[in-house]
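Below is run-v7.cif, holding mmCIF, N, CA and C atoms.
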data_query
#
loop_
_atom_site.label_atom_id
_atom_site.label_comp_id
_atom_site.auth_asym_id
_atom_site.auth_seq_id
_atom_site.Cartn_x
_atom_site.Cartn_y
_atom_site.Cartn_z
N MET J 1 20.51 15.80 -6.31
CA MET J 1 19.19 15.83 -5.77
C MET J 1 18.60 17.23 -5.85
N ASN J 2 19.43 18.23 -5.73
CA ASN J 2 18.94 19.60 -5.76
C ASN J 2 18.64 20.08 -7.18
N HIS J 3 19.04 19.32 -8.18
CA HIS J 3 18.88 19.76 -9.56
C HIS J 3 17.66 19.17 -10.25
N TYR J 4 16.82 18.48 -9.50
CA TYR J 4 15.62 17.87 -10.07
C TYR J 4 14.62 18.96 -10.44
N THR J 5 14.09 18.87 -11.66
CA THR J 5 13.07 19.82 -12.10
C THR J 5 11.93 19.07 -12.76
N LEU J 6 10.86 19.78 -13.00
CA LEU J 6 9.74 19.16 -13.72
C LEU J 6 10.12 18.82 -15.15
N TRP J 7 11.16 19.47 -15.68
CA TRP J 7 11.63 19.14 -17.03
C TRP J 7 12.11 17.70 -17.09
N HIS J 8 12.78 17.26 -16.02
CA HIS J 8 13.24 15.87 -15.99
C HIS J 8 12.06 14.91 -16.11
N ALA J 9 11.01 15.18 -15.34
CA ALA J 9 9.82 14.33 -15.38
C ALA J 9 9.17 14.36 -16.75
N MET J 10 9.08 15.53 -17.35
CA MET J 10 8.44 15.65 -18.66
C MET J 10 9.25 14.92 -19.73
N ILE J 11 10.55 15.10 -19.72
CA ILE J 11 11.41 14.43 -20.70
C ILE J 11 11.35 12.92 -20.50
N GLY J 12 11.38 12.47 -19.23
CA GLY J 12 11.27 11.04 -18.93
C GLY J 12 9.96 10.48 -19.42
N GLY J 13 8.86 11.20 -19.19
CA GLY J 13 7.55 10.75 -19.65
C GLY J 13 7.48 10.64 -21.16
N ILE J 14 8.05 11.62 -21.84
CA ILE J 14 8.07 11.59 -23.31
C ILE J 14 8.88 10.40 -23.80
N LEU J 15 10.03 10.15 -23.18
CA LEU J 15 10.86 9.01 -23.58
C LEU J 15 10.15 7.68 -23.32
N ILE J 16 9.45 7.57 -22.19
CA ILE J 16 8.70 6.34 -21.91
C ILE J 16 7.60 6.15 -22.96
N GLY J 17 6.89 7.21 -23.29
CA GLY J 17 5.84 7.13 -24.31
C GLY J 17 6.39 6.73 -25.67
N LEU J 18 7.50 7.34 -26.06
CA LEU J 18 8.11 7.00 -27.36
C LEU J 18 8.63 5.56 -27.37
N ALA J 19 9.23 5.13 -26.27
CA ALA J 19 9.72 3.75 -26.20
C ALA J 19 8.56 2.76 -26.27
N SER J 20 7.45 3.08 -25.61
CA SER J 20 6.28 2.20 -25.67
C SER J 20 5.70 2.15 -27.07
N LEU J 21 5.64 3.30 -27.72
CA LEU J 21 5.16 3.35 -29.10
C LEU J 21 6.07 2.53 -30.01
N LEU J 22 7.36 2.70 -29.87
CA LEU J 22 8.32 1.96 -30.68
C LEU J 22 8.19 0.45 -30.43
N ALA J 23 8.09 0.05 -29.15
CA ALA J 23 7.96 -1.37 -28.83
C ALA J 23 6.67 -1.94 -29.40
N THR J 24 5.58 -1.17 -29.35
CA THR J 24 4.31 -1.65 -29.89
C THR J 24 4.38 -1.78 -31.40
N VAL J 25 4.97 -0.81 -32.06
CA VAL J 25 5.08 -0.84 -33.52
C VAL J 25 5.98 -2.00 -33.97
N LEU J 26 7.10 -2.18 -33.29
CA LEU J 26 8.05 -3.22 -33.71
C LEU J 26 7.59 -4.64 -33.37
N SER J 27 6.91 -4.80 -32.23
CA SER J 27 6.53 -6.15 -31.81
C SER J 27 5.06 -6.47 -32.05
N GLY J 28 4.24 -5.43 -32.22
CA GLY J 28 2.80 -5.65 -32.34
C GLY J 28 2.14 -5.99 -31.02
N LYS J 29 2.87 -5.84 -29.93
CA LYS J 29 2.36 -6.16 -28.60
C LYS J 29 2.47 -4.94 -27.70
N ILE J 30 1.52 -4.82 -26.76
CA ILE J 30 1.55 -3.72 -25.81
C ILE J 30 2.55 -4.07 -24.71
N PRO J 31 3.55 -3.22 -24.46
CA PRO J 31 4.62 -3.58 -23.53
C PRO J 31 4.34 -3.25 -22.06
N GLY J 32 3.25 -3.76 -21.52
CA GLY J 32 3.01 -3.62 -20.08
C GLY J 32 3.91 -4.58 -19.32
N ILE J 33 4.52 -4.14 -18.26
CA ILE J 33 5.52 -4.94 -17.56
C ILE J 33 4.93 -6.24 -17.00
N SER J 34 3.75 -6.18 -16.40
CA SER J 34 3.18 -7.42 -15.83
C SER J 34 2.88 -8.44 -16.92
N GLY J 35 2.43 -7.99 -18.07
CA GLY J 35 2.16 -8.91 -19.17
C GLY J 35 3.45 -9.48 -19.76
N VAL J 36 4.47 -8.62 -19.90
CA VAL J 36 5.76 -9.08 -20.42
C VAL J 36 6.34 -10.13 -19.48
N PHE J 37 6.34 -9.84 -18.19
CA PHE J 37 6.90 -10.77 -17.21
C PHE J 37 6.06 -12.03 -17.07
N GLY J 38 4.75 -11.87 -16.96
CA GLY J 38 3.86 -13.01 -16.79
C GLY J 38 3.94 -14.00 -17.93
N ARG J 39 4.00 -13.50 -19.15
CA ARG J 39 4.07 -14.39 -20.32
C ARG J 39 5.46 -14.99 -20.49
N LEU J 40 6.46 -14.39 -19.88
CA LEU J 40 7.80 -14.98 -19.90
C LEU J 40 7.84 -16.25 -19.06
N LEU J 41 7.03 -16.29 -18.01
CA LEU J 41 7.01 -17.43 -17.10
C LEU J 41 6.18 -18.60 -17.60
N VAL J 42 5.33 -18.37 -18.60
CA VAL J 42 4.47 -19.43 -19.13
C VAL J 42 5.33 -20.39 -19.95
N ALA J 43 5.21 -21.68 -19.64
CA ALA J 43 6.00 -22.69 -20.34
C ALA J 43 5.45 -22.92 -21.75
N ALA J 44 6.35 -23.16 -22.69
CA ALA J 44 5.95 -23.48 -24.05
C ALA J 44 5.37 -24.89 -24.09
N LYS J 45 4.40 -25.11 -24.97
CA LYS J 45 3.82 -26.45 -25.13
C LYS J 45 4.83 -27.33 -25.85
N PRO J 46 5.07 -28.56 -25.37
CA PRO J 46 6.14 -29.39 -25.92
C PRO J 46 6.00 -29.71 -27.41
N HIS J 47 4.79 -29.96 -27.89
CA HIS J 47 4.64 -30.35 -29.29
C HIS J 47 3.81 -29.33 -30.07
N SER J 48 3.94 -28.09 -29.71
CA SER J 48 3.17 -27.03 -30.35
C SER J 48 3.80 -26.67 -31.68
N PRO J 49 2.97 -26.50 -32.74
CA PRO J 49 3.52 -26.07 -34.03
C PRO J 49 4.11 -24.66 -33.95
N SER J 50 3.70 -23.90 -32.94
CA SER J 50 4.21 -22.54 -32.81
C SER J 50 5.34 -22.45 -31.79
N ARG J 51 6.05 -23.56 -31.56
CA ARG J 51 7.13 -23.58 -30.57
C ARG J 51 8.20 -22.54 -30.90
N ARG J 52 8.53 -22.38 -32.17
CA ARG J 52 9.53 -21.39 -32.58
C ARG J 52 9.04 -19.99 -32.20
N TYR J 53 7.76 -19.73 -32.39
CA TYR J 53 7.18 -18.45 -32.01
C TYR J 53 7.31 -18.25 -30.51
N ASP J 54 7.06 -19.32 -29.73
CA ASP J 54 7.16 -19.24 -28.28
C ASP J 54 8.57 -18.85 -27.86
N GLU J 55 9.58 -19.45 -28.51
CA GLU J 55 10.97 -19.14 -28.16
C GLU J 55 11.32 -17.70 -28.53
N THR J 56 10.90 -17.23 -29.70
CA THR J 56 11.15 -15.85 -30.11
C THR J 56 10.43 -14.88 -29.19
N ASP J 57 9.21 -15.21 -28.83
CA ASP J 57 8.42 -14.38 -27.95
C ASP J 57 9.10 -14.26 -26.58
N LYS J 58 9.59 -15.37 -26.06
CA LYS J 58 10.27 -15.35 -24.76
C LYS J 58 11.60 -14.59 -24.84
N THR J 59 12.27 -14.65 -25.98
CA THR J 59 13.55 -13.96 -26.12
C THR J 59 13.38 -12.45 -26.01
N TRP J 60 12.43 -11.87 -26.76
CA TRP J 60 12.29 -10.41 -26.68
C TRP J 60 11.82 -9.98 -25.31
N ARG J 61 11.00 -10.82 -24.64
CA ARG J 61 10.54 -10.49 -23.29
C ARG J 61 11.71 -10.49 -22.31
N ALA J 62 12.58 -11.49 -22.42
CA ALA J 62 13.75 -11.57 -21.54
C ALA J 62 14.69 -10.38 -21.77
N VAL J 63 14.92 -10.03 -23.02
CA VAL J 63 15.78 -8.88 -23.34
C VAL J 63 15.16 -7.59 -22.81
N PHE J 64 13.85 -7.42 -22.97
CA PHE J 64 13.14 -6.25 -22.48
C PHE J 64 13.32 -6.11 -20.96
N LEU J 65 13.09 -7.21 -20.23
CA LEU J 65 13.21 -7.16 -18.77
C LEU J 65 14.65 -6.99 -18.32
N PHE J 66 15.59 -7.61 -19.02
CA PHE J 66 17.01 -7.43 -18.70
C PHE J 66 17.40 -5.96 -18.86
N GLY J 67 16.94 -5.33 -19.94
CA GLY J 67 17.23 -3.91 -20.15
C GLY J 67 16.59 -3.04 -19.09
N LEU J 68 15.39 -3.38 -18.69
CA LEU J 68 14.69 -2.62 -17.66
C LEU J 68 15.44 -2.68 -16.33
N ILE J 69 15.79 -3.88 -15.91
CA ILE J 69 16.49 -4.07 -14.64
C ILE J 69 17.93 -3.58 -14.74
N GLY J 70 18.58 -3.88 -15.85
CA GLY J 70 19.97 -3.44 -16.05
C GLY J 70 20.10 -1.93 -16.11
N GLY J 71 19.14 -1.27 -16.75
CA GLY J 71 19.17 0.19 -16.83
C GLY J 71 19.01 0.83 -15.46
N ALA J 72 18.11 0.29 -14.66
CA ALA J 72 17.93 0.80 -13.29
C ALA J 72 19.17 0.55 -12.45
N THR J 73 19.76 -0.63 -12.58
CA THR J 73 20.96 -0.96 -11.82
C THR J 73 22.10 -0.02 -12.17
N LEU J 74 22.30 0.22 -13.46
CA LEU J 74 23.35 1.15 -13.89
C LEU J 74 23.08 2.56 -13.38
N SER J 75 21.84 2.99 -13.44
CA SER J 75 21.50 4.32 -12.96
C SER J 75 21.83 4.49 -11.49
N PHE J 76 21.42 3.50 -10.67
CA PHE J 76 21.69 3.59 -9.23
C PHE J 76 23.19 3.52 -8.95
N ALA J 77 23.92 2.74 -9.74
CA ALA J 77 25.35 2.58 -9.51
C ALA J 77 26.16 3.79 -9.97
N LEU J 78 25.74 4.42 -11.06
CA LEU J 78 26.56 5.46 -11.67
C LEU J 78 26.10 6.90 -11.43
N LEU J 79 24.84 7.09 -11.13
CA LEU J 79 24.32 8.45 -11.00
C LEU J 79 23.95 8.77 -9.56
N GLN J 80 24.62 9.76 -9.01
CA GLN J 80 24.31 10.18 -7.65
C GLN J 80 22.88 10.68 -7.54
N SER J 81 22.37 11.30 -8.59
CA SER J 81 21.00 11.84 -8.55
C SER J 81 19.95 10.73 -8.47
N ALA J 82 20.32 9.50 -8.83
CA ALA J 82 19.36 8.38 -8.74
C ALA J 82 19.07 8.02 -7.29
N ALA J 83 19.90 8.49 -6.36
CA ALA J 83 19.67 8.21 -4.93
C ALA J 83 18.33 8.75 -4.48
N LEU J 84 17.83 9.74 -5.16
CA LEU J 84 16.52 10.31 -4.83
C LEU J 84 15.42 9.25 -4.93
N PHE J 85 15.60 8.27 -5.79
CA PHE J 85 14.57 7.27 -6.05
C PHE J 85 14.85 5.92 -5.40
N ARG J 86 15.92 5.82 -4.59
CA ARG J 86 16.19 4.56 -3.90
C ARG J 86 15.11 4.32 -2.85
N PRO J 87 14.73 3.05 -2.64
CA PRO J 87 13.70 2.75 -1.64
C PRO J 87 14.13 3.20 -0.25
N MET J 88 13.20 3.81 0.48
CA MET J 88 13.48 4.30 1.82
C MET J 88 12.80 3.43 2.88
N ARG J 89 12.15 2.37 2.49
CA ARG J 89 11.41 1.50 3.40
C ARG J 89 12.22 0.23 3.66
N PRO J 90 11.94 -0.45 4.77
CA PRO J 90 12.62 -1.72 5.05
C PRO J 90 12.33 -2.74 3.94
N LEU J 91 13.26 -3.65 3.74
CA LEU J 91 13.15 -4.65 2.67
C LEU J 91 11.89 -5.49 2.80
N VAL J 92 11.50 -5.85 4.02
CA VAL J 92 10.29 -6.67 4.20
C VAL J 92 9.05 -5.91 3.75
N VAL J 93 9.01 -4.62 4.00
CA VAL J 93 7.88 -3.80 3.56
C VAL J 93 7.85 -3.74 2.04
N MET J 94 9.02 -3.60 1.42
CA MET J 94 9.10 -3.56 -0.04
C MET J 94 8.68 -4.90 -0.65
N ALA J 95 9.05 -6.01 0.00
CA ALA J 95 8.68 -7.35 -0.51
C ALA J 95 7.16 -7.54 -0.42
N ILE J 96 6.57 -7.16 0.69
CA ILE J 96 5.11 -7.28 0.84
C ILE J 96 4.41 -6.39 -0.19
N ALA J 97 4.92 -5.18 -0.36
CA ALA J 97 4.34 -4.27 -1.35
C ALA J 97 4.43 -4.87 -2.75
N GLY J 98 5.56 -5.48 -3.08
CA GLY J 98 5.72 -6.11 -4.38
C GLY J 98 4.73 -7.23 -4.62
N LEU J 99 4.52 -8.05 -3.60
CA LEU J 99 3.53 -9.14 -3.72
C LEU J 99 2.13 -8.59 -3.89
N LEU J 100 1.79 -7.54 -3.15
CA LEU J 100 0.46 -6.93 -3.29
C LEU J 100 0.29 -6.31 -4.68
N VAL J 101 1.33 -5.68 -5.19
CA VAL J 101 1.26 -5.11 -6.54
C VAL J 101 1.08 -6.22 -7.57
N GLY J 102 1.82 -7.32 -7.41
CA GLY J 102 1.66 -8.45 -8.33
C GLY J 102 0.25 -9.01 -8.31
N PHE J 103 -0.32 -9.15 -7.13
CA PHE J 103 -1.70 -9.61 -7.00
C PHE J 103 -2.65 -8.62 -7.67
N GLY J 104 -2.42 -7.35 -7.43
CA GLY J 104 -3.28 -6.31 -8.00
C GLY J 104 -3.22 -6.25 -9.52
N THR J 105 -2.05 -6.50 -10.08
CA THR J 105 -1.95 -6.48 -11.55
C THR J 105 -2.73 -7.63 -12.18
N ARG J 106 -2.73 -8.78 -11.51
CA ARG J 106 -3.53 -9.90 -12.02
C ARG J 106 -5.01 -9.60 -11.87
N LEU J 107 -5.37 -9.03 -10.73
CA LEU J 107 -6.77 -8.70 -10.47
C LEU J 107 -7.26 -7.59 -11.41
N GLY J 108 -6.41 -6.61 -11.68
CA GLY J 108 -6.79 -5.47 -12.52
C GLY J 108 -6.58 -5.68 -14.01
N GLY J 109 -6.11 -6.85 -14.40
CA GLY J 109 -5.92 -7.13 -15.83
C GLY J 109 -4.75 -6.38 -16.43
N GLY J 110 -3.77 -6.03 -15.63
CA GLY J 110 -2.59 -5.34 -16.13
C GLY J 110 -2.04 -4.38 -15.10
N CYS J 111 -0.91 -3.81 -15.41
CA CYS J 111 -0.24 -2.92 -14.47
C CYS J 111 -0.32 -1.47 -14.94
N SER J 112 0.25 -0.59 -14.16
CA SER J 112 0.18 0.83 -14.50
C SER J 112 0.95 1.15 -15.78
N SER J 113 1.97 0.37 -16.12
CA SER J 113 2.67 0.65 -17.37
C SER J 113 1.82 0.25 -18.58
N GLY J 114 1.15 -0.88 -18.49
CA GLY J 114 0.29 -1.30 -19.60
C GLY J 114 -0.94 -0.44 -19.72
N HIS J 115 -1.65 -0.25 -18.60
CA HIS J 115 -2.86 0.57 -18.62
C HIS J 115 -2.53 2.05 -18.78
N GLY J 116 -1.57 2.53 -17.95
CA GLY J 116 -1.29 3.97 -17.90
C GLY J 116 -0.59 4.51 -19.11
N VAL J 117 0.48 3.89 -19.50
CA VAL J 117 1.26 4.41 -20.63
C VAL J 117 0.62 4.03 -21.96
N CYS J 118 0.28 2.77 -22.10
CA CYS J 118 -0.23 2.30 -23.40
C CYS J 118 -1.74 2.46 -23.52
N GLY J 119 -2.49 1.95 -22.54
CA GLY J 119 -3.95 1.96 -22.62
C GLY J 119 -4.54 3.36 -22.62
N VAL J 120 -4.08 4.20 -21.70
CA VAL J 120 -4.58 5.58 -21.66
C VAL J 120 -4.16 6.32 -22.93
N GLY J 121 -2.94 6.04 -23.39
CA GLY J 121 -2.46 6.67 -24.63
C GLY J 121 -3.30 6.30 -25.84
N MET J 122 -3.91 5.11 -25.80
CA MET J 122 -4.77 4.68 -26.91
C MET J 122 -6.23 5.06 -26.66
N GLY J 123 -6.50 5.67 -25.48
CA GLY J 123 -7.86 6.10 -25.17
C GLY J 123 -8.78 4.98 -24.73
N ALA J 124 -8.23 3.87 -24.24
CA ALA J 124 -9.04 2.74 -23.80
C ALA J 124 -9.76 3.09 -22.49
N LYS J 125 -11.08 3.00 -22.51
CA LYS J 125 -11.87 3.38 -21.34
C LYS J 125 -11.56 2.50 -20.13
N ASP J 126 -11.35 1.19 -20.34
CA ASP J 126 -11.03 0.33 -19.21
C ASP J 126 -9.67 0.69 -18.59
N SER J 127 -8.73 1.14 -19.42
CA SER J 127 -7.42 1.55 -18.90
C SER J 127 -7.52 2.87 -18.13
N ILE J 128 -8.34 3.78 -18.60
CA ILE J 128 -8.54 5.04 -17.88
C ILE J 128 -9.17 4.76 -16.53
N ALA J 129 -10.19 3.89 -16.50
CA ALA J 129 -10.82 3.52 -15.23
C ALA J 129 -9.83 2.81 -14.31
N ALA J 130 -9.03 1.91 -14.87
CA ALA J 130 -8.04 1.18 -14.07
C ALA J 130 -7.04 2.15 -13.45
N MET J 131 -6.58 3.12 -14.22
CA MET J 131 -5.61 4.08 -13.70
C MET J 131 -6.20 4.95 -12.60
N LEU J 132 -7.44 5.35 -12.75
CA LEU J 132 -8.09 6.13 -11.69
C LEU J 132 -8.16 5.31 -10.40
N ILE J 133 -8.49 4.03 -10.53
CA ILE J 133 -8.56 3.15 -9.35
C ILE J 133 -7.17 2.91 -8.77
N PHE J 134 -6.17 2.66 -9.64
CA PHE J 134 -4.79 2.46 -9.17
C PHE J 134 -4.32 3.67 -8.37
N MET J 135 -4.52 4.85 -8.92
CA MET J 135 -4.03 6.07 -8.27
C MET J 135 -4.76 6.32 -6.95
N ALA J 136 -6.06 6.13 -6.93
CA ALA J 136 -6.82 6.33 -5.68
C ALA J 136 -6.36 5.33 -4.62
N ALA J 137 -6.18 4.07 -5.00
CA ALA J 137 -5.73 3.05 -4.05
C ALA J 137 -4.32 3.37 -3.55
N ALA J 138 -3.45 3.84 -4.43
CA ALA J 138 -2.09 4.20 -4.03
C ALA J 138 -2.10 5.36 -3.04
N MET J 139 -2.90 6.36 -3.29
CA MET J 139 -2.98 7.51 -2.38
C MET J 139 -3.49 7.09 -1.00
N VAL J 140 -4.53 6.28 -0.98
CA VAL J 140 -5.09 5.81 0.29
C VAL J 140 -4.06 4.95 1.03
N THR J 141 -3.36 4.08 0.31
CA THR J 141 -2.36 3.22 0.93
C THR J 141 -1.24 4.03 1.56
N VAL J 142 -0.71 5.00 0.83
CA VAL J 142 0.37 5.84 1.36
C VAL J 142 -0.13 6.64 2.56
N PHE J 143 -1.32 7.16 2.49
CA PHE J 143 -1.88 7.92 3.60
C PHE J 143 -1.98 7.05 4.85
N ILE J 144 -2.53 5.84 4.70
CA ILE J 144 -2.67 4.93 5.84
C ILE J 144 -1.30 4.51 6.38
N TYR J 145 -0.40 4.16 5.50
CA TYR J 145 0.95 3.73 5.92
C TYR J 145 1.62 4.86 6.70
N ASN J 146 1.59 6.07 6.18
CA ASN J 146 2.25 7.20 6.85
C ASN J 146 1.61 7.50 8.20
N ARG J 147 0.32 7.33 8.32
CA ARG J 147 -0.37 7.57 9.60
C ARG J 147 -0.08 6.44 10.60
N ALA J 148 0.00 5.22 10.13
CA ALA J 148 0.15 4.07 11.02
C ALA J 148 1.60 3.79 11.42
N PHE J 149 2.55 4.03 10.52
CA PHE J 149 3.92 3.59 10.76
C PHE J 149 4.94 4.71 10.88
N LEU J 150 4.58 5.93 10.58
CA LEU J 150 5.57 7.02 10.67
C LEU J 150 5.25 8.01 11.75
#
Any chance you could put this one into structure tokens?
Amino acid sequence: MNHYTLWHAMIGGILIGLASLLATVLSGKIPGISGVFGRLLVAAKPHSPSRRYDETDKTWRAVFLFGLIGGATLSFALLQSAALFRPMRPLVVMAIAGLLVGFGTRLGGGCSSGHGVCGVGMGAKDSIAAMLIFMAAAMVTVFIYNRAFL
């Protein structure tokens, strides 16, 4: 915990950007987490001529999400420094926050990974506006939560 530096954040950001670029180039799709997850839950049409495409599409989405969750699980299990990022709030608060974030991603047309990493990186004006709103709402939420509950 004492060895955290801004270099870690910069290197992590660069790796996230490169991974997003690689995923976009290889799949032709923007790898925003809410879109990847949301489209994984959509059922394939039973007699669709593109059923094979649906199965392939679901496969890469499942592998992507498995790697995302598996990588975080391994980090928390194996790296003491990952304790810095473990949730410090009660589970019920985290569950409510997760539901609100899910609602917000549907309302905002995507999540911070899709808008922030990919959309802003491509210079999309709607993504820049979405990120400004996301960040302002997050700051206000944390401020209110800290004043009301801590």
> In Å, with one decimal, what is the gap from CA of Ala9 (chain J) to CA of Ile96 (chain J)?
Replying inline: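 Computing the Euclidean distance for CA of Ala9 (chain J) and CA of Ile96 (chain J) yields 27.4 Å.
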>> Please determine, counting all atoms listed in the file, which residue among J:Arg89, J:His115, J:Lys125, J:Arg39 has the shortest atom-to-atom distance to Lys58 (chain J).
In response: J:Arg39
> Which residue, J:Ser20, J:Ala148, J:Gly104, J:Met122, has the smallest gap to Phe134 (chain J) when you use only C-alpha atoms?
Replying inline: J:Gly104
With 3 Å on each side, where is the centre of the axis-aligned box around all listed atoms of region 58-71 of chain J, and how long are its edges in Å to one decimal, as lines of an AutoDock Vina configuration file?
center_x = 14.8
center_y = -7.3
center_z = -20.7
size_x = 16.5
size_y = 22.2
size_z = 18.1
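Between CA of Ala19 (chain J) and atom N of Val142 (chain J) the interatomic distance comes to 29.0 Å.
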May I have a table of the residues of region 10-99 of chain J lying at most 9 Å from region 107-113 of chain J, giving each one's closest pair of atoms and their distance in Å to one decimal, counting only C-alpha atoms, ordered by chain and ascending residue number, as a Markdown table?
| residue | atom | partner | partner_atom | distance |
| --- | --- | --- | --- | --- |
| J:Pro31 | CA | J:Ser113 | CA | 7.7 |
| J:Gly32 | CA | J:Ser113 | CA | 5.1 |
| J:Ile33 | CA | J:Ser113 | CA | 6.3 |
| J:Ser34 | CA | J:Cys111 | CA | 5.8 |
| J:Gly35 | CA | J:Gly110 | CA | 6.7 |
Go ahead and write the residues just picked, N, CA and C atoms, as a PDB file, in the frame of the given file.
ATOM      1  N   PRO J  31       3.550  -3.220 -24.460  1.00  0.00           N
ATOM      2  CA  PRO J  31       4.620  -3.580 -23.530  1.00  0.00           C
ATOM      3  C   PRO J  31       4.340  -3.250 -22.060  1.00  0.00           C
ATOM      4  N   GLY J  32       3.250  -3.760 -21.520  1.00  0.00           N
ATOM      5  CA  GLY J  32       3.010  -3.620 -20.080  1.00  0.00           C
ATOM      6  C   GLY J  32       3.910  -4.580 -19.320  1.00  0.00           C
ATOM      7  N   ILE J  33       4.520  -4.140 -18.260  1.00  0.00           N
ATOM      8  CA  ILE J  33       5.520  -4.940 -17.560  1.00  0.00           C
ATOM      9  C   ILE J  33       4.930  -6.240 -17.000  1.00  0.00           C
ATOM     10  N   SER J  34       3.750  -6.180 -16.400  1.00  0.00           N
ATOM     11  CA  SER J  34       3.180  -7.420 -15.830  1.00  0.00           C
ATOM     12  C   SER J  34       2.880  -8.440 -16.920  1.00  0.00           C
ATOM     13  N   GLY J  35       2.430  -7.990 -18.070  1.00  0.00           N
ATOM     14  CA  GLY J  35       2.160  -8.910 -19.170  1.00  0.00           C
ATOM     15  C   GLY J  35       3.450  -9.480 -19.760  1.00  0.00           C
TER      16      GLY J  35
END
> Taking only C-alpha atoms into account, which of J:Ser81, J:Val25, J:Val42, J:Gly71 comes nearest His8 (chain J)?
Replying inline: J:Ser81
> Any idea what the distance is between atom N of Cys118 (chain J) and CA of Thr56 (chain J)?
Replying inline: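 Interatomic distance here is 23.0 Å.
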